[in-house]
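> If it helps, the file is called model.tsv and holds TSV, C-alpha atoms:
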```
chain	number	residue	atom	x	y	z
A	889	MET	CA	-38.06	8.48	-38.99
A	890	THR	CA	-36.60	10.70	-41.70
A	891	SER	CA	-35.26	14.24	-41.46
A	892	THR	CA	-38.61	15.42	-42.87
A	893	ASP	CA	-40.41	13.67	-40.01
A	894	TYR	CA	-38.23	15.41	-37.44
A	895	PHE	CA	-38.77	18.75	-39.14
A	896	ALA	CA	-42.54	18.19	-39.19
A	897	LEU	CA	-42.52	17.34	-35.48
A	898	VAL	CA	-40.53	20.48	-34.64
A	899	PHE	CA	-42.89	22.49	-36.85
A	900	PHE	CA	-45.88	21.06	-34.96
A	901	ILE	CA	-44.42	21.92	-31.55
A	902	ALA	CA	-43.41	25.42	-32.71
A	903	THR	CA	-46.91	26.06	-34.10
A	904	TRP	CA	-48.43	24.91	-30.82
A	905	ALA	CA	-46.14	27.18	-28.78
A	906	PHE	CA	-46.77	30.13	-31.11
A	907	PHE	CA	-50.53	29.75	-30.81
A	908	ASN	CA	-50.25	29.55	-27.00
A	909	TRP	CA	-48.31	32.82	-27.03
A	910	LEU	CA	-50.64	34.45	-29.53
A	911	THR	CA	-53.77	33.79	-27.43
A	912	SER	CA	-52.23	34.41	-24.01
A	913	VAL	CA	-54.46	36.36	-21.64
A	914	ASP	CA	-51.51	38.40	-20.36
A	915	ARG	CA	-50.38	39.39	-23.86
A	916	THR	CA	-51.54	42.88	-24.88
A	917	THR	CA	-52.17	43.43	-28.60
A	918	SER	CA	-54.28	45.72	-30.72
A	919	ARG	CA	-56.61	42.82	-31.55
A	920	ILE	CA	-58.24	41.05	-28.62
A	921	SER	CA	-58.75	37.29	-28.70
A	922	ILE	CA	-61.84	35.51	-27.42
A	923	THR	CA	-59.80	34.12	-24.53
A	924	ARG	CA	-58.71	37.57	-23.41
A	925	ALA	CA	-62.20	39.02	-23.89
A	926	MET	CA	-63.73	36.27	-21.79
A	927	ALA	CA	-61.26	37.07	-19.01
A	928	VAL	CA	-62.83	40.54	-18.90
A	929	HIS	CA	-66.33	39.04	-18.72
A	930	ARG	CA	-65.24	36.66	-15.96
A	931	ALA	CA	-64.13	39.66	-13.91
A	932	ARG	CA	-67.45	41.41	-14.59
A	933	TRP	CA	-69.37	38.35	-13.49
A	934	ILE	CA	-67.53	38.01	-10.18
A	935	ARG	CA	-67.84	41.71	-9.41
A	936	ASN	CA	-71.51	41.68	-10.34
A	937	SER	CA	-72.10	38.83	-7.89
A	938	MET	CA	-70.95	41.14	-5.10
A	939	THR	CA	-74.09	43.24	-5.56
A	940	ARG	CA	-76.44	40.42	-4.52
A	941	ASP	CA	-76.65	38.12	-1.52
A	942	LEU	CA	-78.44	35.28	-3.30
A	943	LYS	CA	-75.81	33.52	-5.39
A	944	MET	CA	-77.59	30.40	-6.64
A	945	ILE	CA	-77.02	31.43	-10.27
A	946	ASP	CA	-73.30	31.92	-9.61
A	947	THR	CA	-72.93	28.51	-7.98
A	948	GLN	CA	-74.67	26.94	-10.98
A	949	ILE	CA	-72.18	28.64	-13.29
A	950	MET	CA	-69.29	27.33	-11.18
A	951	ALA	CA	-70.75	23.83	-11.28
A	952	GLY	CA	-71.12	24.05	-15.05
A	953	LEU	CA	-67.48	25.05	-15.43
A	954	GLN	CA	-66.37	22.13	-13.30
A	955	ASN	CA	-68.62	19.62	-15.07
A	956	GLY	CA	-67.37	20.68	-18.49
A	957	THR	CA	-63.77	20.37	-17.35
A	958	GLY	CA	-64.44	16.96	-15.82
A	959	PHE	CA	-66.01	15.75	-19.06
A	960	PHE	CA	-62.96	16.65	-21.12
A	961	ALA	CA	-60.63	15.16	-18.51
A	962	SER	CA	-62.48	11.84	-18.83
A	963	THR	CA	-62.42	12.10	-22.63
A	964	SER	CA	-58.64	12.64	-22.60
A	965	LEU	CA	-58.19	9.64	-20.34
A	966	PHE	CA	-60.23	7.43	-22.69
A	967	ALA	CA	-58.23	8.69	-25.67
A	968	LEU	CA	-55.01	7.91	-23.81
A	969	GLY	CA	-56.25	4.39	-23.17
A	970	GLY	CA	-57.06	4.07	-26.86
A	971	CYS	CA	-53.46	4.95	-27.72
A	972	PHE	CA	-52.16	2.18	-25.48
A	973	ALA	CA	-54.66	-0.20	-27.06
A	974	LEU	CA	-53.25	0.72	-30.48
A	975	LEU	CA	-49.74	-0.04	-29.28
A	976	GLY	CA	-50.91	-3.49	-28.23
A	977	ALA	CA	-52.54	-4.16	-31.58
A	978	THR	CA	-49.83	-2.88	-33.92
A	979	GLU	CA	-49.89	-5.95	-36.16
A	980	GLN	CA	-53.65	-5.75	-36.72
A	981	VAL	CA	-53.41	-2.03	-37.46
A	982	GLU	CA	-50.60	-2.63	-39.94
A	983	ALA	CA	-52.75	-5.20	-41.71
A	984	ILE	CA	-55.57	-2.66	-41.99
A	985	PHE	CA	-53.20	0.05	-43.25
A	986	ARG	CA	-51.88	-2.24	-45.98
A	987	ASP	CA	-55.39	-2.47	-47.43
A	988	LEU	CA	-55.84	1.29	-47.56
A	989	PRO	CA	-55.43	3.06	-50.92
A	990	ILE	CA	-52.81	5.46	-49.46
A	991	MET	CA	-49.16	4.92	-48.70
A	992	LEU	CA	-48.37	5.05	-45.00
A	993	GLN	CA	-44.72	5.64	-44.18
A	994	GLY	CA	-42.52	4.63	-41.27
A	995	GLY	CA	-43.19	0.94	-40.76
A	996	ARG	CA	-43.96	-0.62	-37.40
A	997	GLN	CA	-41.37	1.30	-35.41
A	998	GLY	CA	-42.47	4.60	-36.92
A	999	PHE	CA	-46.11	3.77	-36.16
A	1000	GLU	CA	-45.32	3.04	-32.53
A	1001	ILE	CA	-43.37	6.31	-32.19
A	1002	LYS	CA	-46.27	8.27	-33.66
A	1003	VAL	CA	-48.82	6.60	-31.39
A	1004	GLY	CA	-46.52	7.30	-28.45
A	1005	GLY	CA	-46.47	10.99	-29.40
A	1006	LEU	CA	-50.25	11.02	-29.64
A	1007	ALA	CA	-50.41	9.45	-26.17
A	1008	VAL	CA	-48.18	12.24	-24.85
A	1009	ILE	CA	-50.58	14.85	-26.26
A	1010	PHE	CA	-53.59	13.26	-24.59
A	1011	ALA	CA	-51.67	12.80	-21.33
A	1012	TYR	CA	-50.79	16.51	-21.43
A	1013	SER	CA	-54.43	17.45	-22.02
A	1014	PHE	CA	-55.55	15.19	-19.16
A	1015	PHE	CA	-53.16	16.84	-16.71
A	1016	LYS	CA	-54.29	20.28	-17.88
A	1017	PHE	CA	-57.97	19.41	-17.47
A	1018	GLY	CA	-57.32	17.72	-14.13
A	1019	TRP	CA	-55.51	20.75	-12.75
A	1020	SER	CA	-58.17	23.07	-14.18
A	1021	TYR	CA	-60.88	21.03	-12.45
A	1022	ARG	CA	-59.08	21.36	-9.14
A	1023	LEU	CA	-58.55	25.10	-9.61
A	1024	PHE	CA	-62.25	25.59	-10.36
A	1025	ASN	CA	-62.92	23.72	-7.11
A	1026	TYR	CA	-60.61	26.11	-5.23
A	1027	CYS	CA	-62.30	29.01	-6.98
A	1028	THR	CA	-65.69	27.80	-5.74
A	1029	ILE	CA	-64.40	27.75	-2.17
A	1030	LEU	CA	-62.98	31.26	-2.47
A	1031	PHE	CA	-66.21	32.40	-4.08
A	1032	GLY	CA	-68.12	31.09	-1.07
A	1033	GLY	CA	-65.96	33.32	1.12
A	1034	LEU	CA	-66.97	36.52	-0.67
A	1035	PRO	CA	-68.62	39.02	1.70
A	1036	MET	CA	-72.30	39.76	1.48
A	1037	HIS	CA	-73.46	42.93	-0.21
A	1038	GLY	CA	-73.90	44.80	3.06
A	1039	GLU	CA	-70.45	43.80	4.32
A	1040	SER	CA	-68.83	44.79	1.04
A	1041	LEU	CA	-70.31	48.28	1.38
A	1042	LYS	CA	-68.82	48.62	4.87
A	1043	ASP	CA	-65.34	47.51	3.79
A	1044	PRO	CA	-65.08	47.92	0.00
A	1045	ASP	CA	-61.28	47.49	-0.10
A	1046	SER	CA	-61.34	44.07	1.54
A	1047	ALA	CA	-64.30	43.04	-0.64
A	1048	GLN	CA	-62.44	44.11	-3.76
A	1049	LYS	CA	-59.34	42.13	-2.76
A	1050	ALA	CA	-61.47	39.03	-2.13
A	1051	ALA	CA	-63.16	39.43	-5.52
A	1052	ASP	CA	-59.79	39.91	-7.25
A	1053	ARG	CA	-58.55	36.61	-5.77
A	1054	VAL	CA	-61.57	34.77	-7.15
A	1055	ILE	CA	-61.22	36.47	-10.53
A	1056	ARG	CA	-57.53	35.66	-10.80
A	1057	LEU	CA	-58.01	32.01	-9.85
A	1058	ASN	CA	-60.95	31.65	-12.25
A	1059	ILE	CA	-58.86	33.06	-15.12
A	1060	ILE	CA	-55.96	30.73	-14.28
A	1061	ALA	CA	-58.30	27.72	-14.21
A	1062	ALA	CA	-59.72	28.76	-17.59
A	1063	LYS	CA	-56.17	29.14	-18.92
A	1064	HIS	CA	-55.37	25.51	-18.11
A	1065	PHE	CA	-58.73	24.37	-19.48
A	1066	ASN	CA	-58.03	26.16	-22.77
A	1067	ALA	CA	-54.56	24.61	-22.92
A	1068	GLY	CA	-56.06	21.12	-22.61
A	1069	LEU	CA	-58.71	21.85	-25.21
A	1070	ARG	CA	-56.09	23.28	-27.55
A	1071	ALA	CA	-54.09	20.05	-27.27
A	1072	ILE	CA	-57.13	18.02	-28.34
A	1073	PHE	CA	-57.73	20.30	-31.33
A	1074	LEU	CA	-54.09	20.11	-32.44
A	1075	SER	CA	-54.11	16.33	-32.09
A	1076	ILE	CA	-56.33	16.34	-35.19
A	1077	GLY	CA	-53.45	17.86	-37.12
A	1078	TYR	CA	-51.09	15.33	-35.56
A	1079	LEU	CA	-53.10	12.49	-37.10
A	1080	GLY	CA	-51.76	13.53	-40.49
A	1081	TRP	CA	-48.36	12.18	-39.45
A	1082	PHE	CA	-49.72	8.64	-39.78
A	1083	VAL	CA	-49.85	9.30	-43.54
A	1084	ASN	CA	-46.60	11.23	-43.97
A	1085	ALA	CA	-44.76	14.31	-42.76
A	1086	TYR	CA	-46.18	16.58	-45.46
A	1087	VAL	CA	-49.77	15.72	-44.59
A	1088	PHE	CA	-48.82	16.23	-40.94
A	1089	MET	CA	-47.62	19.78	-41.58
A	1090	SER	CA	-50.54	20.58	-43.88
A	1091	MET	CA	-53.13	19.46	-41.35
A	1092	THR	CA	-51.31	21.31	-38.56
A	1093	VAL	CA	-51.45	24.53	-40.58
A	1094	PHE	CA	-55.13	23.92	-41.36
A	1095	VAL	CA	-56.04	23.42	-37.69
A	1096	PHE	CA	-53.91	26.43	-36.72
A	1097	PHE	CA	-55.78	28.75	-39.07
A	1098	VAL	CA	-59.15	27.37	-37.96
A	1099	LEU	CA	-58.24	28.16	-34.35
A	1100	ILE	CA	-56.88	31.59	-35.30
A	1101	ARG	CA	-60.12	32.41	-37.09
A	1102	ARG	CA	-62.18	31.39	-34.07
A	1103	GLN	CA	-60.02	33.43	-31.71
A	1104	PHE	CA	-59.68	36.62	-33.76
A	1105	PHE	CA	-62.16	36.72	-36.66
A	1106	SER	CA	-65.26	34.74	-35.70
A	1107	GLU	CA	-68.84	35.92	-35.19
A	1108	ALA	CA	-68.65	34.69	-31.60
A	1109	ARG	CA	-65.74	37.06	-30.99
A	1110	GLU	CA	-67.71	40.00	-32.38
A	1111	ALA	CA	-70.64	39.17	-30.10
A	1112	ILE	CA	-68.41	38.89	-27.03
A	1113	LEU	CA	-66.52	42.10	-27.83
A	1114	ARG	CA	-69.62	44.18	-28.46
A	1115	ASP	CA	-69.14	46.23	-25.29
A	1116	ILE	CA	-65.36	45.87	-24.93
A	1117	GLU	CA	-63.10	48.41	-26.57
A	1118	GLU	CA	-60.13	47.09	-28.55
```
What does this structure look like when you write it as structure tokens?


Amino acid sequence: MTSTDYFALVFFIATWAFFNWLTSVDRTTSRISITRAMAVHRARWIRNSMTRDLKMIDTQIMAGLQNGTGFFASTSLFALGGCFALLGATEQVEAIFRDLPIMLQGGRQGFEIKVGGLAVIFAYSFFKFGWSYRLFNYCTILFGGLPMHGESLKDPDSAQKAADRVIRLNIIAAKHFNAGLRAIFLSIGYLGWFVNAYVFMSMTVFVFFVLIRRQFFSEAREAILRDIEE
């Protein structure tokens, strides 16, 4: 580990933290991100469900959110297991790296440190997905407690408070899901560290700008924001 390696690691963590702040749902800026726009649509969906008694479509949406979160939680766990498998096969990996036409820096100890860092990233994403899955489960329970349309007309204040609880919990669950997904995306940039610190920083910047484009300048954003004022 050289001073450049430490700088690259700090740069990676700072970029990750900056992107988290930049796309925060609670952060108000002149340009809305996809994450923040979808929070608005989540609220619209929950409030719209209050106008109908038959909520089969809504329960299917809830199930889809949970299934997607569970899939990524399993994927993170498999990736974490792969990292531990790499640690147990360091000598074989070193032999493969020696045959590659690129120079890999750090030696065995450096390789183990880098794999350990990658394992930390996947462990973080697993905990985020796991907590998100549980929150979506809580959200489903709260959603089941929403009053029927007739009851909401009789007591609109209580109905609105119940809907706000579901909306808030759904947004929080999505926040943790996005954090886990973001960790997986940034792990692609982290892989550059296995070559050297400069490739690590370059790939981190590349992934960062790809994510920024998707959040603030993509066609999907324009479609989502069509009826939301900036």

> So which residues touch Met944 of chain A within 12 Å, counting all atoms listed in the file, skipping near sequence neighbours fewer than 6 positions away, as a list in words?

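My list of contacting residues is Ser937, Met950, Ala951, Phe1031 and Gly1032 of chain A.
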
> In Å, with one decimal, what is the gap from atom CA of Gly998 of chain A to atom CA of Ala977 of chain A?

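Here the two named atoms are 14.4 Å from each other.
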
> Choose the residue, out of A:Met938, A:Ala902, A:Met926, A:Ala973, that has the smallest atom-to-atom separation from Gln1048 of chain A; count all atoms listed in the file.

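Nearest candidate to Gln1048 of chain A out of A:Met938, A:Ala902, A:Met926, A:Ala973: A:Met938.
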
> Compare A:Phe960, A:Phe972, A:Tyr1078, A:Phe907 by their minimum atom-to-atom distance to Val1098 of chain A, counting all atoms listed in the file, and give me the closest one.

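Under the stated criterion, the closest residue is A:Phe907.
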
> Find, counting all atoms listed in the file, the residue in A:Tyr1021, A:Phe1014, A:Phe1104, A:Tyr894 that gets nearest to Ala1061 of chain A.

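Result for the nearest residue to Ala1061 of chain A: A:Tyr1021.
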
> Set the distance at 9 Å and use all atoms listed in the file: which residues neighbour Phe900 of chain A once local chain neighbours fewer than 6 positions away are removed? I'd like the list as an MDAnalysis selection string.

chainID A and resid 1074 1077:1078 1088:1089 1092:1093

> Closest to Phe1024 of chain A among A:Ser1075, A:Gln997, A:Ser1040, A:Thr947, using only C-alpha atoms?

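Nearest to Phe1024 of chain A: A:Thr947.
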
> I'd like the interatomic distance between atom CA of Leu1099 of chain A and atom CA of Phe1015 of chain A, to a tenth of an Å.

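Separation of atom CA of Leu1099 of chain A and atom CA of Phe1015 of chain A: 21.6 Å.
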
> From the options A:His929, A:Arg919, A:Arg1109, A:Arg924, which residue's atoms come nearest to Ile1055 of chain A, counting only C-alpha atoms?

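Once distances to Ile1055 of chain A are computed over only C-alpha atoms, the minimum belongs to A:His929.
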
> May I ask which of the residues A:Val1087, A:Gly1038, A:Arg1101, A:Cys971 is the closest one to Asp941 of chain A, counting all atoms listed in the file?

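The closest residue to Asp941 of chain A is A:Gly1038.
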
> Assuming 5 Å of padding per side, give the centre and edge lengths of the axis-aligned box around every listed atom of segment 949-956 of chain A, in Å to one decimal and as JSON.


```
{"center_x": -69.3, "center_y": 24.1, "center_z": -14.8, "size_x": 15.8, "size_y": 19.0, "size_z": 17.3}
```

> Using all atoms listed in the file and a cutoff of 8 Å, can you tell me which residues are near (-64.6, 22.7, -21.5) in the file's coordinates, and write them out as a PyMOL selection string?

chain A and resi 953+956-957+959-960+1065-1066+1069

> Report, in Å to a single decimal, how far apart atom CA of Ile920 of chain A and atom CA of Leu1113 of chain A are.

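Taking atom CA of Leu1113 of chain A and atom CA of Ile920 of chain A, their separation equals 8.4 Å.
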
> Would you list the contacts of Ile1001 of chain A as a list in words, taking every protein, DNA or RNA residue within 9 Å and counting all atoms listed in the file, but skipping same-chain residues closer than 5 positions in sequence?

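Using all atoms listed in the file, the neighbours found are Met889, Arg996 and Leu1006 of chain A.
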
> Anything within 12 Å of (-64.8, 37.2, -26.4): list those residues as JSON, numbers by chain, counting only C-alpha atoms and sticking to the file's coordinates.

{"A": [911, 913, 919, 920, 921, 922, 923, 924, 925, 926, 927, 928, 929, 930, 1102, 1103, 1104, 1105, 1106, 1107, 1108, 1109, 1110, 1111, 1112, 1113, 1114, 1115, 1116, 1117, 1118]}

> Next, write the just-selected residues to a file, as an mmCIF file, in the coordinates of the input, keeping C-alpha atoms as the atom set.


```cif
data_model
loop_
_atom_site.group_PDB
_atom_site.id
_atom_site.type_symbol
_atom_site.label_atom_id
_atom_site.label_comp_id
_atom_site.auth_asym_id
_atom_site.auth_seq_id
_atom_site.Cartn_x
_atom_site.Cartn_y
_atom_site.Cartn_z
ATOM 1 C CA THR A 911 -53.770 33.790 -27.430
ATOM 2 C CA VAL A 913 -54.460 36.360 -21.640
ATOM 3 C CA ARG A 919 -56.610 42.820 -31.550
ATOM 4 C CA ILE A 920 -58.240 41.050 -28.620
ATOM 5 C CA SER A 921 -58.750 37.290 -28.700
ATOM 6 C CA ILE A 922 -61.840 35.510 -27.420
ATOM 7 C CA THR A 923 -59.800 34.120 -24.530
ATOM 8 C CA ARG A 924 -58.710 37.570 -23.410
ATOM 9 C CA ALA A 925 -62.200 39.020 -23.890
ATOM 10 C CA MET A 926 -63.730 36.270 -21.790
ATOM 11 C CA ALA A 927 -61.260 37.070 -19.010
ATOM 12 C CA VAL A 928 -62.830 40.540 -18.900
ATOM 13 C CA HIS A 929 -66.330 39.040 -18.720
ATOM 14 C CA ARG A 930 -65.240 36.660 -15.960
ATOM 15 C CA ARG A 1102 -62.180 31.390 -34.070
ATOM 16 C CA GLN A 1103 -60.020 33.430 -31.710
ATOM 17 C CA PHE A 1104 -59.680 36.620 -33.760
ATOM 18 C CA PHE A 1105 -62.160 36.720 -36.660
ATOM 19 C CA SER A 1106 -65.260 34.740 -35.700
ATOM 20 C CA GLU A 1107 -68.840 35.920 -35.190
ATOM 21 C CA ALA A 1108 -68.650 34.690 -31.600
ATOM 22 C CA ARG A 1109 -65.740 37.060 -30.990
ATOM 23 C CA GLU A 1110 -67.710 40.000 -32.380
ATOM 24 C CA ALA A 1111 -70.640 39.170 -30.100
ATOM 25 C CA ILE A 1112 -68.410 38.890 -27.030
ATOM 26 C CA LEU A 1113 -66.520 42.100 -27.830
ATOM 27 C CA ARG A 1114 -69.620 44.180 -28.460
ATOM 28 C CA ASP A 1115 -69.140 46.230 -25.290
ATOM 29 C CA ILE A 1116 -65.360 45.870 -24.930
ATOM 30 C CA GLU A 1117 -63.100 48.410 -26.570
ATOM 31 C CA GLU A 1118 -60.130 47.090 -28.550
#
```

> List as a tab-separated table every residue of segment 1016-1066 of chain A that is in contact with segment 962-970 of chain A, defined as an atom at most 12 Å from one of its atoms (using all atoms listed in the file), together with the nearest atom pair and the distance in Å rounded to one decimal, sorted by chain and then rising number.


```
residue	atom	partner	partner_atom	distance
A:Lys1016	CA	A:Ser964	CA	10.0
A:Phe1017	CA	A:Ser964	CA	8.5
A:Gly1018	CA	A:Ser962	CA	9.1
A:Tyr1021	CA	A:Ser962	CA	11.3
```
